[in-house]
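Worksheet for the structure shown next.
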Amino acid sequence: MDASYNLVASKCAKQMAQYQNCVLANQDKAWSEICSKESDALTACAEDKVPQLKALKQTCGEHIKSYAECIKTHGHASENQVVQECQNVMRDLWKCTEEVMDKLGSDARLI
């Protein structure tokens, strides 16, 4: 997942920063709802500028869905609580994305 994160960060730095800033500013609130506009902007940018995401979504779709549901369910909680509640689904998503990026080869990791 590090490689896919880095690809998105390199192509959508502005949108990623806006989303992260929103989440940090609203940690003690329902940030998953409050930051939906920033999340949507980041998603749109990533889908447009990072073609590897199509393969990730096809292969890891269930993991992505599970993680999104966990974040939505626990997004009102503190960061530590979210990590505790969602760490297993995050780990599974990370493993899946790393496997996909490995299969795509080193070209997929180029920025």
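Ordering of the structure tokens sets the chain letters (A, B, ...), residue numbers begin anew at 1 in every chain, and ligands are numbered from 1 in the order given.
Those residues that approach A:Glu85 to within 9 Å, counting only C-alpha atoms, are Cys70, Ile71, His74, Asn80, Gln81, Val82, Asn88 and Val89 of chain A; same-chain residues fewer than 3 positions away are not listed.
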Using only C-alpha atoms, the shortest atom-to-atom distance to A:Leu104 among A:Gln52, A:Ser32, A:Ser4, A:Gln15 belongs to A:Gln52
Excluding A:Glu62 and its own-chain neighbours fewer than 5 positions away, which residues fall within 9 Å of it when counting only C-alpha atoms? Please give them as a ChimeraX atom specification.
/A:57,67,93
Export of the given selection (C-alpha atoms) as a PDB file, in the first residue's frame:
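Generated output (out20.pdb):
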ATOM      1  CA  LYS A  57      -9.898  -1.667  -7.110  1.00  0.00           C
ATOM      2  CA  TYR A  67     -11.999  -0.534   5.291  1.00  0.00           C
ATOM      3  CA  LEU A  93      -6.055  -3.997   2.533  1.00  0.00           C
TER       4      LEU A  93
END
Name the closest residue to A:Ser66 among the candidates A:Gln20, A:Ser78, A:Gln87, A:Ser39; distances are taken between atoms, counting only C-alpha atoms.
A:Gln87
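Closest approach to A:Gly61 among A:Cys86, A:Ala30, A:Cys96, A:Cys35 is made by A:Cys96 (distances from only C-alpha atoms).
Considering the residues A:Lys29, A:Ala46, A:Glu38, A:Lys103 and counting only C-alpha atoms, A:Asn6 has its shortest atom-to-atom contact with A:Ala46.
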Step one, run DSSP on the backbone; step two, keep only residues of chain A assigned to alpha helix (DSSP H); then write them as a PyMOL selection string.
chain A and resi 2-11+13-25+31-34+36-49+52-74+79-104
Using only C-alpha atoms, determine which residues lie at most 8 Å from stretch 97-99 of chain A, disregarding the query and same-chain residues fewer than 5 positions distant; provide the list as a PyMOL selection string.
chain A and resi 1-4+56+60
Would you write out those residues with N, CA and C atoms, as a PDB file, in the first residue's frame?
ATOM      1  N   MET A   1       0.824  -1.187   0.000  1.00  0.00           N
ATOM      2  CA  MET A   1       0.000   0.000   0.000  1.00  0.00           C
ATOM      3  C   MET A   1       0.865   1.246   0.000  1.00  0.00           C
ATOM      4  N   ASP A   2       2.088   1.101   0.459  1.00  0.00           N
ATOM      5  CA  ASP A   2       2.989   2.247   0.453  1.00  0.00           C
ATOM      6  C   ASP A   2       3.209   2.759  -0.962  1.00  0.00           C
ATOM      7  N   ALA A   3       3.388   1.833  -1.905  1.00  0.00           N
ATOM      8  CA  ALA A   3       3.631   2.242  -3.291  1.00  0.00           C
ATOM      9  C   ALA A   3       2.419   2.951  -3.873  1.00  0.00           C
ATOM     10  N   SER A   4       1.238   2.411  -3.632  1.00  0.00           N
ATOM     11  CA  SER A   4       0.037   3.062  -4.171  1.00  0.00           C
ATOM     12  C   SER A   4      -0.196   4.407  -3.484  1.00  0.00           C
ATOM     13  N   LEU A  56      -5.990  -2.116  -8.656  1.00  0.00           N
ATOM     14  CA  LEU A  56      -6.148  -2.231  -7.207  1.00  0.00           C
ATOM     15  C   LEU A  56      -7.612  -2.394  -6.825  1.00  0.00           C
ATOM     16  N   CYS A  60      -8.701  -5.691  -5.074  1.00  0.00           N
ATOM     17  CA  CYS A  60      -8.825  -5.447  -3.631  1.00  0.00           C
ATOM     18  C   CYS A  60     -10.151  -4.796  -3.251  1.00  0.00           C
TER      19      CYS A  60
END
A:Met16, A:Val100, A:Leu53, A:Ala77: which is nearest A:Trp31, counting only C-alpha atoms?
A:Ala77
Would you kindly return, as a short mmCIF file (atom, residue, chain, number, x, y, z; two decimals) with C-alpha atoms, in the first residue's frame, each protein, DNA or RNA residue with an atom no farther than 10 Å from any atom of A:Glu79, considering only C-alpha atoms and excluding same-chain residues fewer than 6 positions away?
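Written out: around20.cif:
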data_model
loop_
_atom_site.label_atom_id
_atom_site.label_comp_id
_atom_site.auth_asym_id
_atom_site.auth_seq_id
_atom_site.Cartn_x
_atom_site.Cartn_y
_atom_site.Cartn_z
CA VAL A 23 -9.28 14.93 9.16
CA LEU A 24 -6.72 16.33 11.60
CA GLN A 27 -10.58 14.27 14.82
CA ASP A 28 -12.91 14.77 17.74
CA GLU A 85 -11.07 -0.93 15.51
#
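Picture a line from atom CA of A:Ser10 to atom CA of A:Cys45; it runs 11.1 Å.
Distance-wise, atom CA of A:Cys12 and atom CA of A:Lys49 end up 7.8 Å apart.
In terms of minimum interatomic distance to A:Ala9, A:Thr43 ranks closest within A:Asn26, A:Gln84, A:Thr43, A:Thr73, counting only C-alpha atoms.
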